[in-house]
Amino acid sequence: MRIWLPELVALPPRFLHEPWLLKRADQNRYSVWLGSSYPVPPKEWIPRRMRKKKLQSRLLSS
């Protein structure tokens with residue numbers, strides 16, 4: 001996979017197949033910026049469970 005996507009070369013294996021799980025600090029550490037150096041996946045690609053968890057965390061923090 002790293003052969004075809006050189007922007008993901010620095011990523012550890014746990015993020016290689018789901019780079020959109022990178023937090024801002026990890027994006028800076030590995031030089032992979034979602035929406036800039038690597039495209040953000042369409043909303044349909046992000047599992048429903050992850051979207052629900054993110055929404056819940058936003059609601060709880062406000």
# chains A, B, ... in the order shown; residues from 1 in each chain; ligands from 1

$ closest_atom_pairs --of "stretch 33-56 of chain A" --to "stretch 2-11 of chain A" --cutoff "10 Å" --atoms "only C-alpha atoms" --output "Markdown table"
| residue | atom | partner | partner_atom | distance |
| --- | --- | --- | --- | --- |
| A:Trp33 | CA | A:Glu7 | CA | 9.5 |
| A:Ser37 | CA | A:Glu7 | CA | 7.1 |
| A:Tyr38 | CA | A:Glu7 | CA | 7.1 |

$ write_last_selection --atoms "N, CA, C and O atoms" --output "mmCIF file, in the first residue's frame"
data_model
loop_
_atom_site.group_PDB
_atom_site.id
_atom_site.type_symbol
_atom_site.label_atom_id
_atom_site.label_comp_id
_atom_site.auth_asym_id
_atom_site.auth_seq_id
_atom_site.Cartn_x
_atom_site.Cartn_y
_atom_site.Cartn_z
ATOM 1 N N TRP A 33 -1.643 15.395 6.552
ATOM 2 C CA TRP A 33 -2.705 16.311 6.943
ATOM 3 C C TRP A 33 -3.960 15.999 6.141
ATOM 4 O O TRP A 33 -3.963 16.137 4.911
ATOM 5 N N SER A 37 -2.634 17.031 2.477
ATOM 6 C CA SER A 37 -1.720 16.085 1.836
ATOM 7 C C SER A 37 -2.374 14.740 1.573
ATOM 8 O O SER A 37 -1.868 13.937 0.805
ATOM 9 N N TYR A 38 -3.514 14.492 2.203
ATOM 10 C CA TYR A 38 -4.270 13.250 1.988
ATOM 11 C C TYR A 38 -5.751 13.601 2.028
ATOM 12 O O TYR A 38 -6.187 14.318 2.924
#

$ closest_residue --among "A:Arg48, A:Met1, A:Ser57, A:Val40" --to "A:Leu22" --atoms "only C-alpha atoms"
A:Val40

$ select_by_dssp --residues "chain A" --states "alpha helix (DSSP H)" --output "PDB file with N, CA, C and O atoms, in the first residue's frame"
ATOM      1  N   PRO A  13       1.556   0.988  11.189  1.00  0.00           N
ATOM      2  CA  PRO A  13       0.570   0.053  10.624  1.00  0.00           C
ATOM      3  C   PRO A  13      -0.864   0.245  11.119  1.00  0.00           C
ATOM      4  O   PRO A  13      -1.805   0.059  10.360  1.00  0.00           O
ATOM      5  N   ARG A  14      -1.047   0.656  12.362  1.00  0.00           N
ATOM      6  CA  ARG A  14      -2.417   0.775  12.875  1.00  0.00           C
ATOM      7  C   ARG A  14      -3.227   1.876  12.179  1.00  0.00           C
ATOM      8  O   ARG A  14      -4.441   1.840  12.173  1.00  0.00           O
ATOM      9  N   PHE A  15      -2.559   2.858  11.594  1.00  0.00           N
ATOM     10  CA  PHE A  15      -3.252   3.930  10.884  1.00  0.00           C
ATOM     11  C   PHE A  15      -3.197   3.779   9.365  1.00  0.00           C
ATOM     12  O   PHE A  15      -3.834   4.533   8.652  1.00  0.00           O
ATOM     13  N   LEU A  16      -2.456   2.831   8.883  1.00  0.00           N
ATOM     14  CA  LEU A  16      -2.223   2.715   7.448  1.00  0.00           C
ATOM     15  C   LEU A  16      -3.514   2.526   6.662  1.00  0.00           C
ATOM     16  O   LEU A  16      -3.701   3.125   5.612  1.00  0.00           O
ATOM     17  N   ARG A  24      -4.937  15.401  15.385  1.00  0.00           N
ATOM     18  CA  ARG A  24      -4.134  16.521  14.875  1.00  0.00           C
ATOM     19  C   ARG A  24      -2.648  16.353  15.224  1.00  0.00           C
ATOM     20  O   ARG A  24      -1.772  16.564  14.393  1.00  0.00           O
ATOM     21  N   ALA A  25      -2.350  15.931  16.446  1.00  0.00           N
ATOM     22  CA  ALA A  25      -0.950  15.750  16.855  1.00  0.00           C
ATOM     23  C   ALA A  25      -0.273  14.660  16.027  1.00  0.00           C
ATOM     24  O   ALA A  25       0.890  14.795  15.634  1.00  0.00           O
ATOM     25  N   ASP A  26      -0.999  13.581  15.748  1.00  0.00           N
ATOM     26  CA  ASP A  26      -0.443  12.503  14.928  1.00  0.00           C
ATOM     27  C   ASP A  26      -0.258  12.950  13.488  1.00  0.00           C
ATOM     28  O   ASP A  26       0.716  12.568  12.838  1.00  0.00           O
ATOM     29  N   GLN A  27      -1.177  13.766  12.986  1.00  0.00           N
ATOM     30  CA  GLN A  27      -1.025  14.287  11.627  1.00  0.00           C
ATOM     31  C   GLN A  27       0.258  15.098  11.525  1.00  0.00           C
ATOM     32  O   GLN A  27       1.003  14.972  10.546  1.00  0.00           O
ATOM     33  N   ASN A  28       0.541  15.895  12.537  1.00  0.00           N
ATOM     34  CA  ASN A  28       1.776  16.684  12.538  1.00  0.00           C
ATOM     35  C   ASN A  28       3.001  15.792  12.669  1.00  0.00           C
ATOM     36  O   ASN A  28       4.016  16.012  12.009  1.00  0.00           O
ATOM     37  N   ARG A  29       2.912  14.778  13.524  1.00  0.00           N
ATOM     38  CA  ARG A  29       4.046  13.873  13.755  1.00  0.00           C
ATOM     39  C   ARG A  29       4.417  13.110  12.480  1.00  0.00           C
ATOM     40  O   ARG A  29       5.593  12.938  12.172  1.00  0.00           O
ATOM     41  N   TYR A  30       3.415  12.640  11.737  1.00  0.00           N
ATOM     42  CA  TYR A  30       3.669  11.823  10.557  1.00  0.00           C
ATOM     43  C   TYR A  30       3.580  12.599   9.246  1.00  0.00           C
ATOM     44  O   TYR A  30       3.698  12.014   8.171  1.00  0.00           O
ATOM     45  N   ARG A  48     -20.550   4.040  10.438  1.00  0.00           N
ATOM     46  CA  ARG A  48     -21.621   4.695  11.182  1.00  0.00           C
ATOM     47  C   ARG A  48     -21.304   4.785  12.674  1.00  0.00           C
ATOM     48  O   ARG A  48     -21.569   5.783  13.320  1.00  0.00           O
ATOM     49  N   ARG A  49     -20.709   3.732  13.203  1.00  0.00           N
ATOM     50  CA  ARG A  49     -20.348   3.678  14.620  1.00  0.00           C
ATOM     51  C   ARG A  49     -19.391   4.820  14.984  1.00  0.00           C
ATOM     52  O   ARG A  49     -19.528   5.458  16.022  1.00  0.00           O
ATOM     53  N   MET A  50     -18.428   5.102  14.113  1.00  0.00           N
ATOM     54  CA  MET A  50     -17.464   6.168  14.384  1.00  0.00           C
ATOM     55  C   MET A  50     -18.137   7.537  14.345  1.00  0.00           C
ATOM     56  O   MET A  50     -17.836   8.402  15.154  1.00  0.00           O
ATOM     57  N   ARG A  51     -19.060   7.741  13.376  1.00  0.00           N
ATOM     58  CA  ARG A  51     -19.763   9.019  13.303  1.00  0.00           C
ATOM     59  C   ARG A  51     -20.603   9.230  14.555  1.00  0.00           C
ATOM     60  O   ARG A  51     -20.653  10.327  15.110  1.00  0.00           O
ATOM     61  N   LYS A  52     -21.261   8.167  15.019  1.00  0.00           N
ATOM     62  CA  LYS A  52     -22.091   8.256  16.217  1.00  0.00           C
ATOM     63  C   LYS A  52     -21.245   8.601  17.440  1.00  0.00           C
ATOM     64  O   LYS A  52     -21.600   9.466  18.235  1.00  0.00           O
ATOM     65  N   LYS A  53     -20.092   7.954  17.569  1.00  0.00           N
ATOM     66  CA  LYS A  53     -19.198   8.201  18.706  1.00  0.00           C
ATOM     67  C   LYS A  53     -18.705   9.655  18.703  1.00  0.00           C
ATOM     68  O   LYS A  53     -18.664  10.312  19.734  1.00  0.00           O
ATOM     69  N   LYS A  54     -18.356  10.165  17.521  1.00  0.00           N
ATOM     70  CA  LYS A  54     -17.879  11.535  17.408  1.00  0.00           C
ATOM     71  C   LYS A  54     -18.982  12.527  17.789  1.00  0.00           C
ATOM     72  O   LYS A  54     -18.747  13.493  18.505  1.00  0.00           O
ATOM     73  N   LEU A  55     -20.188  12.273  17.327  1.00  0.00           N
ATOM     74  CA  LEU A  55     -21.318  13.139  17.650  1.00  0.00           C
ATOM     75  C   LEU A  55     -21.598  13.124  19.150  1.00  0.00           C
ATOM     76  O   LEU A  55     -21.820  14.176  19.760  1.00  0.00           O
ATOM     77  N   GLN A  56     -21.553  11.948  19.761  1.00  0.00           N
ATOM     78  CA  GLN A  56     -21.780  11.844  21.194  1.00  0.00           C
ATOM     79  C   GLN A  56     -20.740  12.628  21.985  1.00  0.00           C
ATOM     80  O   GLN A  56     -21.067  13.317  22.940  1.00  0.00           O
ATOM     81  N   SER A  57     -19.491  12.526  21.581  1.00  0.00           N
ATOM     82  CA  SER A  57     -18.436  13.251  22.299  1.00  0.00           C
ATOM     83  C   SER A  57     -18.633  14.764  22.167  1.00  0.00           C
ATOM     84  O   SER A  57     -18.384  15.512  23.108  1.00  0.00           O
ATOM     85  N   ARG A  58     -19.087  15.233  20.994  1.00  0.00           N
ATOM     86  CA  ARG A  58     -19.352  16.663  20.814  1.00  0.00           C
ATOM     87  C   ARG A  58     -20.490  17.119  21.728  1.00  0.00           C
ATOM     88  O   ARG A  58     -20.424  18.183  22.327  1.00  0.00           O
ATOM     89  N   LEU A  59     -21.534  16.315  21.788  1.00  0.00           N
ATOM     90  CA  LEU A  59     -22.696  16.679  22.617  1.00  0.00           C
ATOM     91  C   LEU A  59     -22.331  16.707  24.103  1.00  0.00           C
ATOM     92  O   LEU A  59     -22.788  17.573  24.843  1.00  0.00           O
ATOM     93  N   LEU A  60     -21.527  15.761  24.539  1.00  0.00           N
ATOM     94  CA  LEU A  60     -21.142  15.690  25.942  1.00  0.00           C
ATOM     95  C   LEU A  60     -20.188  16.810  26.340  1.00  0.00           C
ATOM     96  O   LEU A  60     -20.186  17.251  27.477  1.00  0.00           O
ATOM     97  N   SER A  61     -19.361  17.268  25.389  1.00  0.00           N
ATOM     98  CA  SER A  61     -18.402  18.312  25.725  1.00  0.00           C
ATOM     99  C   SER A  61     -19.005  19.717  25.710  1.00  0.00           C
ATOM    100  O   SER A  61     -18.421  20.649  26.216  1.00  0.00           O
TER     101      SER A  61
END

$ decode --residues "stretch 7-57 of chain A" --atoms "C-alpha atoms" --output "short mmCIF file (atom, residue, chain, number, x, y, z; two decimals), in the first residue's frame"
data_model
loop_
_atom_site.label_atom_id
_atom_site.label_comp_id
_atom_site.auth_asym_id
_atom_site.auth_seq_id
_atom_site.Cartn_x
_atom_site.Cartn_y
_atom_site.Cartn_z
CA GLU A 7 2.12 10.17 1.47
CA LEU A 8 1.37 7.32 3.93
CA VAL A 9 4.96 6.03 4.14
CA ALA A 10 5.56 7.42 7.64
CA LEU A 11 2.35 6.07 9.16
CA PRO A 12 2.48 3.20 11.65
CA PRO A 13 0.57 0.05 10.62
CA ARG A 14 -2.42 0.78 12.87
CA PHE A 15 -3.25 3.93 10.88
CA LEU A 16 -2.22 2.71 7.45
CA HIS A 17 -5.68 1.47 6.43
CA GLU A 18 -7.63 4.18 8.31
CA PRO A 19 -5.59 7.40 8.13
CA TRP A 20 -8.71 9.47 8.89
CA LEU A 21 -8.40 8.23 12.52
CA LEU A 22 -5.29 10.38 12.99
CA LYS A 23 -5.60 13.09 15.61
CA ARG A 24 -4.13 16.52 14.87
CA ALA A 25 -0.95 15.75 16.85
CA ASP A 26 -0.44 12.50 14.93
CA GLN A 27 -1.03 14.29 11.63
CA ASN A 28 1.78 16.68 12.54
CA ARG A 29 4.05 13.87 13.75
CA TYR A 30 3.67 11.82 10.56
CA SER A 31 3.27 14.77 8.14
CA VAL A 32 -0.10 13.55 6.88
CA TRP A 33 -2.70 16.31 6.94
CA LEU A 34 -6.24 15.26 6.18
CA GLY A 35 -7.78 17.47 3.54
CA SER A 36 -4.38 18.75 2.46
CA SER A 37 -1.72 16.09 1.84
CA TYR A 38 -4.27 13.25 1.99
CA PRO A 39 -7.96 13.51 1.03
CA VAL A 40 -10.68 13.19 3.63
CA PRO A 41 -12.82 10.14 2.80
CA PRO A 42 -16.45 10.67 1.84
CA LYS A 43 -18.80 10.54 4.79
CA GLU A 44 -20.23 7.23 3.54
CA TRP A 45 -16.83 5.57 3.98
CA ILE A 46 -16.56 6.37 7.66
CA PRO A 47 -18.35 3.66 9.61
CA ARG A 48 -21.62 4.70 11.18
CA ARG A 49 -20.35 3.68 14.62
CA MET A 50 -17.46 6.17 14.38
CA ARG A 51 -19.76 9.02 13.30
CA LYS A 52 -22.09 8.26 16.22
CA LYS A 53 -19.20 8.20 18.71
CA LYS A 54 -17.88 11.53 17.41
CA LEU A 55 -21.32 13.14 17.65
CA GLN A 56 -21.78 11.84 21.19
CA SER A 57 -18.44 13.25 22.30
#
